[in-house]
file entry-v3.csv (CSV, C-alpha atoms)
chain,number,residue,atom,x,y,z
A,1,MET,CA,167.2,190.0,171.0
A,2,ALA,CA,164.0,189.9,169.0
A,3,ARG,CA,161.6,192.6,167.7
A,4,ILE,CA,158.2,191.9,169.1
A,5,LEU,CA,154.9,193.5,168.2
A,6,VAL,CA,152.4,193.6,171.1
A,7,ALA,CA,148.8,194.7,170.6
A,8,ASP,CA,146.4,195.0,173.6
A,9,ASP,CA,143.9,197.7,174.5
A,10,ASP,CA,144.5,197.2,178.2
A,11,ALA,CA,147.1,199.8,179.1
A,12,PHE,CA,148.2,198.0,182.3
A,13,ILE,CA,148.8,194.7,180.5
A,14,LEU,CA,150.6,196.4,177.6
A,15,GLN,CA,152.9,198.2,180.1
A,16,PHE,CA,153.5,194.9,182.0
A,17,ILE,CA,154.4,193.0,178.8
A,18,ASP,CA,156.6,195.8,177.6
A,19,LYS,CA,158.5,195.8,180.9
A,20,VAL,CA,158.9,192.0,180.9
A,21,LEU,CA,160.1,191.9,177.3
A,22,ARG,CA,162.6,194.7,177.7
A,23,SER,CA,164.0,193.0,180.8
A,24,GLN,CA,164.9,190.2,178.3
A,25,ASP,CA,166.6,192.6,175.9
A,26,HIS,CA,163.8,192.4,173.3
A,27,GLU,CA,162.7,195.4,171.3
A,28,THR,CA,159.0,196.1,171.6
A,29,ILE,CA,156.5,197.7,169.3
A,30,LEU,CA,153.3,198.6,171.1
A,31,THR,CA,149.8,199.4,170.0
A,32,SER,CA,146.3,199.3,171.5
A,33,ASN,CA,144.2,198.6,168.4
A,34,GLY,CA,144.1,196.1,165.7
A,35,GLU,CA,144.2,198.5,162.7
A,36,GLN,CA,147.4,200.0,163.9
A,37,ALA,CA,148.9,196.6,164.7
A,38,LEU,CA,148.5,195.7,161.0
A,39,ASP,CA,150.2,199.0,159.9
A,40,MET,CA,153.1,198.4,162.4
A,41,PHE,CA,153.5,194.8,161.2
A,42,GLN,CA,153.9,196.1,157.6
A,43,GLN,CA,156.4,198.7,158.6
A,44,SER,CA,158.5,196.9,161.2
A,45,THR,CA,158.6,193.2,160.1
A,46,PRO,CA,158.7,191.8,163.7
A,47,ASP,CA,160.1,188.5,164.7
A,48,LEU,CA,157.0,187.6,166.8
A,49,VAL,CA,153.5,189.0,167.3
A,50,LEU,CA,151.5,189.0,170.5
A,51,LEU,CA,147.8,189.8,170.0
A,52,ASP,CA,145.0,190.3,172.4
A,53,VAL,CA,141.6,189.0,171.3
A,54,MET,CA,139.4,192.0,172.1
A,55,MET,CA,140.6,195.2,170.5
A,56,PRO,CA,139.0,198.2,168.9
A,57,LYS,CA,138.8,198.7,165.1
A,58,LEU,CA,140.0,195.1,164.3
A,59,ASP,CA,139.9,192.3,166.8
A,60,GLY,CA,142.8,189.9,167.3
A,61,PHE,CA,141.3,187.2,165.1
A,62,GLN,CA,141.1,189.6,162.1
A,63,VAL,CA,144.6,190.8,162.7
A,64,CYS,CA,145.9,187.3,163.0
A,65,GLN,CA,144.2,186.2,159.7
A,66,GLN,CA,145.6,189.2,157.8
A,67,ILE,CA,149.1,188.8,159.2
A,68,ARG,CA,149.1,185.1,158.4
A,69,SER,CA,148.0,185.7,154.8
A,70,ARG,CA,151.0,188.0,154.4
A,71,ASP,CA,153.5,186.0,156.3
A,72,PRO,CA,152.9,182.2,156.8
A,73,LEU,CA,155.9,181.8,159.2
A,74,VAL,CA,156.0,184.6,161.7
A,75,PRO,CA,155.1,183.3,165.2
A,76,ILE,CA,151.8,184.6,166.5
A,77,LEU,CA,150.6,184.2,170.1
A,78,MET,CA,147.1,185.1,171.2
A,79,LEU,CA,146.1,186.4,174.6
A,80,THR,CA,142.8,184.9,175.7
A,81,ALA,CA,140.6,185.0,178.8
A,82,ARG,CA,140.8,181.9,181.1
A,83,MET,CA,137.2,180.7,180.5
A,84,GLN,CA,136.8,181.6,176.8
A,85,VAL,CA,137.6,178.2,175.3
A,86,GLU,CA,135.9,179.2,172.0
A,87,ASN,CA,138.4,182.1,171.7
A,88,LYS,CA,141.3,179.8,172.0
A,89,VAL,CA,140.0,177.5,169.2
A,90,LYS,CA,139.0,180.5,167.0
A,91,GLY,CA,142.5,181.9,167.5
A,92,LEU,CA,144.1,178.7,166.3
A,93,ASP,CA,141.7,178.7,163.4
A,94,SER,CA,142.8,182.2,162.5
A,95,GLY,CA,146.4,181.0,162.2
A,96,ALA,CA,147.9,181.5,165.7
A,97,ASP,CA,150.7,179.2,166.8
A,98,ASP,CA,149.7,179.2,170.4
A,99,TYR,CA,147.8,181.2,173.1
A,100,ILE,CA,148.5,182.5,176.5
A,101,THR,CA,145.7,182.5,179.0
A,102,LYS,CA,145.0,185.6,181.1
A,103,PRO,CA,146.0,186.2,183.9
A,104,PHE,CA,149.6,185.1,183.2
A,105,ASP,CA,152.7,185.7,185.2
A,106,ARG,CA,156.1,187.0,184.0
A,107,LEU,CA,157.8,183.6,183.9
A,108,GLU,CA,155.0,182.0,181.7
A,109,LEU,CA,155.2,184.9,179.3
A,110,ILE,CA,158.9,184.7,179.0
A,111,ALA,CA,158.8,180.9,178.6
A,112,ARG,CA,156.1,181.0,175.8
A,113,ILE,CA,157.9,183.7,173.9
A,114,GLN,CA,161.3,182.0,174.2
A,115,ALA,CA,159.8,178.7,173.0
A,116,ALA,CA,158.3,180.4,170.0
A,117,LEU,CA,161.5,182.2,169.1
A,118,ARG,CA,163.5,178.9,169.4
A,119,ARG,CA,161.0,177.3,167.0
A,120,GLN,CA,161.5,180.2,164.6
A,121,GLU,CA,165.3,180.0,164.9
A,122,ALA,CA,165.2,176.3,164.1
A,123,LEU,CA,163.1,176.9,161.0
A,124,HIS,CA,165.8,179.3,159.7
A,125,GLY,CA,168.8,177.4,161.0
A,126,LYS,CA,171.4,176.4,158.5
A,127,ASN,CA,172.4,172.7,158.2
A,128,SER,CA,175.2,171.6,155.8
A,129,ALA,CA,173.9,168.0,155.8
A,130,PRO,CA,171.4,167.2,153.0
A,131,VAL,CA,167.8,166.8,154.2
A,132,ALA,CA,164.7,165.3,152.7
A,133,GLU,CA,162.4,167.6,151.0
A,134,GLY,CA,159.3,165.7,152.1
A,135,ILE,CA,157.8,162.6,153.5
A,136,SER,CA,154.9,160.3,152.4
A,137,VAL,CA,152.9,158.0,154.6
A,138,SER,CA,149.9,156.1,153.3
A,139,ASP,CA,149.2,158.4,150.3
A,140,LEU,CA,149.6,161.4,152.7
A,141,SER,CA,152.4,163.7,151.5
A,142,LEU,CA,154.2,166.6,153.2
A,143,HIS,CA,156.4,169.0,151.3
A,144,PHE,CA,158.8,170.7,153.7
A,145,LYS,CA,159.9,173.6,151.5
A,146,SER,CA,156.5,174.7,150.5
A,147,TRP,CA,154.8,173.8,153.8
A,148,GLN,CA,152.1,172.0,151.8
A,149,ALA,CA,150.3,168.7,152.6
A,150,ASP,CA,148.0,166.6,150.5
A,151,TYR,CA,146.3,163.2,150.5
A,152,ARG,CA,146.2,161.6,147.1
A,153,LYS,CA,146.9,165.0,145.6
A,154,THR,CA,144.0,166.6,147.5
A,155,PRO,CA,145.4,169.6,149.4
A,156,ILE,CA,145.0,169.8,153.1
A,157,LYS,CA,145.0,173.4,154.4
A,158,LEU,CA,147.2,173.5,157.5
A,159,SER,CA,148.6,176.2,159.7
A,160,ARG,CA,152.4,176.2,160.2
A,161,THR,CA,152.0,174.5,163.6
A,162,GLU,CA,149.5,171.9,162.3
A,163,PHE,CA,152.0,171.1,159.6
A,164,LYS,CA,154.8,170.6,162.0
A,165,LEU,CA,152.6,168.4,164.2
A,166,LEU,CA,151.5,166.2,161.3
A,167,ARG,CA,155.2,165.9,160.2
A,168,ILE,CA,156.1,164.5,163.6
A,169,PHE,CA,153.3,162.0,163.4
A,170,CYS,CA,154.4,161.0,159.9
A,171,GLU,CA,158.0,160.5,161.0
A,172,TYR,CA,156.8,158.4,163.9
A,173,ALA,CA,153.9,156.7,162.0
A,174,ASP,CA,152.1,153.9,164.0
A,175,GLN,CA,154.1,154.9,167.1
A,176,VAL,CA,152.4,156.3,170.2
A,177,LEU,CA,153.6,159.8,171.1
A,178,ASP,CA,152.9,161.2,174.5
A,179,ARG,CA,151.8,164.7,175.2
A,180,ASP,CA,155.1,165.9,176.7
A,181,PHE,CA,157.1,164.6,173.7
A,182,LEU,CA,154.8,166.6,171.3
A,183,LEU,CA,155.1,169.7,173.4
A,184,ASN,CA,158.8,169.5,173.6
A,185,THR,CA,159.3,168.6,169.9
A,186,VAL,CA,156.7,170.8,168.2
A,187,TRP,CA,156.4,173.7,170.7
A,188,ASN,CA,159.8,173.5,172.4
A,189,TYR,CA,158.2,173.6,175.8
A,190,LYS,CA,160.6,172.3,178.5
A,191,ASN,CA,158.1,172.6,181.3
A,192,THR,CA,154.7,171.6,180.1
A,193,GLY,CA,152.5,172.6,183.1
A,194,THR,CA,148.8,172.2,182.4
A,195,THR,CA,148.6,173.7,178.9
A,196,ARG,CA,145.9,172.2,176.6
A,197,THR,CA,147.8,173.3,173.5
A,198,VAL,CA,148.3,169.7,172.2
A,199,ASP,CA,144.7,168.7,172.8
A,200,ASN,CA,143.4,171.7,170.8
A,201,PHE,CA,145.8,171.2,167.9
A,202,ILE,CA,145.1,167.4,167.8
A,203,MET,CA,141.4,168.0,167.6
A,204,ARG,CA,141.8,170.5,164.7
A,205,LEU,CA,144.3,168.3,162.9
A,206,ARG,CA,142.3,165.2,163.3
A,207,LYS,CA,139.2,166.9,161.8
A,208,LYS,CA,141.1,168.2,158.8
A,209,LEU,CA,142.8,164.9,158.1
A,210,GLN,CA,139.6,162.8,158.6
A,211,THR,CA,137.7,165.1,156.2
A,212,VAL,CA,140.0,164.6,153.3
A,213,VAL,CA,140.6,160.9,153.9
A,214,GLU,CA,136.8,160.2,154.0
A,215,GLU,CA,136.4,162.2,150.8
A,216,HIS,CA,138.4,159.4,149.1
A,217,GLY,CA,136.3,156.7,150.8
A,218,GLU,CA,139.1,155.6,153.1
A,219,ILE,CA,139.3,155.3,156.9
A,220,SER,CA,143.1,155.6,157.4
A,221,PRO,CA,145.4,157.2,158.1
A,222,PHE,CA,143.8,158.8,161.2
A,223,LEU,CA,144.9,160.3,164.4
A,224,GLU,CA,144.1,158.0,167.3
A,225,THR,CA,143.9,159.0,171.0
A,226,LEU,CA,145.0,156.4,173.5
A,227,TYR,CA,143.6,157.8,176.7
A,228,GLY,CA,146.2,158.2,179.4
A,229,VAL,CA,149.0,157.2,177.0
A,230,GLY,CA,149.2,159.5,174.0
A,231,TYR,CA,148.4,159.9,170.3
A,232,ARG,CA,149.2,157.9,167.2
A,233,LEU,CA,149.0,158.3,163.4
A,234,ASN,CA,147.3,155.0,162.7
A,235,CYS,CA,148.2,153.6,159.3
A,236,SER,CA,149.4,150.1,160.1
A,237,ASP,CA,147.6,148.5,157.3
A,238,GLU,CA,149.2,150.8,154.7
A,239,PRO,CA,152.6,150.7,153.0
A,240,PRO,CA,155.6,151.8,155.1
A,241,ILE,CA,156.8,155.4,155.2
A,242,HIS,CA,159.5,156.7,152.9
A,243,THR,CA,161.2,160.1,152.5
A,244,PHE,CA,161.7,161.6,149.1
A,245,LYS,CA,164.2,164.0,147.6

call {"tool": "encode", "arguments": {"input": "entry-v3.csv", "output": "structure tokens"}}
result
Amino acid sequence: MARILVADDDAFILQFIDKVLRSQDHETILTSNGEQALDMFQQSTPDLVLLDVMMPKLDGFQVCQQIRSRDPLVPILMLTARMQVENKVKGLDSGADDYITKPFDRLELIARIQAALRRQEALHGKNSAPVAEGISVSDLSLHFKSWQADYRKTPIKLSRTEFKLLRIFCEYADQVLDRDFLLNTVWNYKNTGTTRTVDNFIMRLRKKLQTVVEEHGEISPFLETLYGVGYRLNCSDEPPIHTFK
């Protein structure tokens, strides 16, 4: 069972989500405005946050940014309208881990939330075996404990999900990874459907990585799209990867 904060100014949707989550034995904290959502987050420390974009007082983007500044790890899912692509991108820019497009059905809602909670559980899971504290690929370094990334000591500001995605690419440097593998590995989605989650995150991550690499006058590593096949962190002309303690 998880404690889930839900903020949406549509009473019908709020009631629907509440009913679905309670059917899965989750505890719900409900609000219809962004300002109250922030207060409730402070008071209740939820395991997951579900935010509508359009809300009075503070919109979902503002709430997401403020929550993320206080807690870099709590899963945040945004509710967006089907045709509002810019809202999906803006939500990810605000620090959201994923989005759910309206209208959505009960099974999709359950699947997205379960996937987010599994990811969170994996982050806090205990493992007696020693693990690496970071990984380096072609002057690109990721530090697992601090969730920080840098290229030649220049920081790269990444969201939690962007960091996880880049980590997978580093661990499989120069290998082609297909969309289903990334959805399953990074987002824990068992049934991928038609979600464009990977495409949106790849676009954002590529831009951030390219910006810092070009600042150093380099052209690699870079995220390459192989249409109809998958994606690859291309750094084949650079030194091999190594983990560090």

call {"tool": "closest_residue", "arguments": {"input": "entry-v3.csv", "among": "A:Asp93, A:Glu27, A:Asp52, A:Asp39", "to": "Met78 in chain A", "atoms": "all atoms listed in the file"}}
result
A:Asp52

call {"tool": "closest_residue", "arguments": {"input": "entry-v3.csv", "among": "A:Phe104, A:Tyr151, A:Tyr227, A:Phe144", "to": "Leu177 in chain A", "atoms": "only C-alpha atoms"}}
result
A:Tyr227

call {"tool": "atom_distance", "arguments": {"input": "entry-v3.csv", "atom1": "CA of Lys208 in chain A", "atom2": "CA of Val176 in chain A"}}
result
20.0 Å

call {"tool": "atom_distance", "arguments": {"input": "entry-v3.csv", "atom1": "CA of Gln36 in chain A", "atom2": "CA of Arg106 in chain A"}}
result
25.5 Å

call {"tool": "atom_distance", "arguments": {"input": "entry-v3.csv", "atom1": "CA of Ile135 in chain A", "atom2": "CA of Cys170 in chain A"}}
result
7.4 Å

call {"tool": "closest_residue", "arguments": {"input": "entry-v3.csv", "among": "A:Leu165, A:Asp180, A:Gln175, A:Ala81", "to": "Pro103 in chain A", "atoms": "only C-alpha atoms"}}
result
A:Ala81

call {"tool": "residues_around", "arguments": {"input": "entry-v3.csv", "residues": "Phe222 in chain A", "least_positions_apart": "3", "cutoff": "8 Å", "atoms": "all atoms listed in the file", "output": "MDAnalysis selection string"}}
result
chainID A and resid 206 209:210 219 233:235

call {"tool": "write_last_selection", "arguments": {"input": "entry-v3.csv", "atoms": "C-alpha atoms", "output": "PDB file, keeping the file's coordinate frame"}}
result
ATOM      1  CA  ARG A 206     142.300 165.200 163.300  1.00  0.00           C
ATOM      2  CA  LEU A 209     142.800 164.900 158.100  1.00  0.00           C
ATOM      3  CA  GLN A 210     139.600 162.800 158.600  1.00  0.00           C
ATOM      4  CA  ILE A 219     139.300 155.300 156.900  1.00  0.00           C
ATOM      5  CA  LEU A 233     149.000 158.300 163.400  1.00  0.00           C
ATOM      6  CA  ASN A 234     147.300 155.000 162.700  1.00  0.00           C
ATOM      7  CA  CYS A 235     148.200 153.600 159.300  1.00  0.00           C
TER       8      CYS A 235
END

call {"tool": "closest_residue", "arguments": {"input": "entry-v3.csv", "among": "A:Leu226, A:Ala2, A:Leu158, A:Leu166", "to": "Arg68 in chain A", "atoms": "all atoms listed in the file"}}
result
A:Leu158

call {"tool": "closest_residue", "arguments": {"input": "entry-v3.csv", "among": "A:Lys57, A:Arg232, A:Arg160, A:Arg119", "to": "Asp178 in chain A", "atoms": "only C-alpha atoms"}}
result
A:Arg232

call {"tool": "residues_near_point", "arguments": {"input": "entry-v3.csv", "point": "(160.0, 175.8, 162.8)", "cutoff": "10 Å", "atoms": "all atoms listed in the file", "output": "ChimeraX atom specification"}}
result
/A:73-75,116-125,160-161,163-164,186-188

call {"tool": "closest_residue", "arguments": {"input": "entry-v3.csv", "among": "A:Ile13, A:Leu107, A:Met40, A:Val198", "to": "Thr225 in chain A", "atoms": "only C-alpha atoms"}}
result
A:Val198

call {"tool": "closest_atom_pairs", "arguments": {"input": "entry-v3.csv", "of": "range 35-78 of chain A", "to": "range 109-115 of chain A", "cutoff": "9 Å", "atoms": "only C-alpha atoms", "output": "Markdown table"}}
result
| residue | atom | partner | partner_atom | distance |
| --- | --- | --- | --- | --- |
| A:Leu48 | CA | A:Ile113 | CA | 8.2 |
| A:Leu50 | CA | A:Ile113 | CA | 9.0 |
| A:Leu77 | CA | A:Ile113 | CA | 8.2 |

call {"tool": "residues_around", "arguments": {"input": "entry-v3.csv", "residues": "Arg22 in chain A", "least_positions_apart": "6", "cutoff": "12 Å", "atoms": "all atoms listed in the file", "output": "PDB file with C-alpha atoms, keeping the file's coordinate frame"}}
result
ATOM      1  CA  MET A   1     167.200 190.000 171.000  1.00  0.00           C
ATOM      2  CA  ALA A   2     164.000 189.900 169.000  1.00  0.00           C
ATOM      3  CA  ARG A   3     161.600 192.600 167.700  1.00  0.00           C
ATOM      4  CA  ILE A   4     158.200 191.900 169.100  1.00  0.00           C
ATOM      5  CA  GLN A  15     152.900 198.200 180.100  1.00  0.00           C
ATOM      6  CA  PHE A  16     153.500 194.900 182.000  1.00  0.00           C
ATOM      7  CA  THR A  28     159.000 196.100 171.600  1.00  0.00           C
ATOM      8  CA  ILE A  29     156.500 197.700 169.300  1.00  0.00           C
ATOM      9  CA  ARG A 106     156.100 187.000 184.000  1.00  0.00           C
ATOM     10  CA  ILE A 110     158.900 184.700 179.000  1.00  0.00           C
TER      11      ILE A 110
END
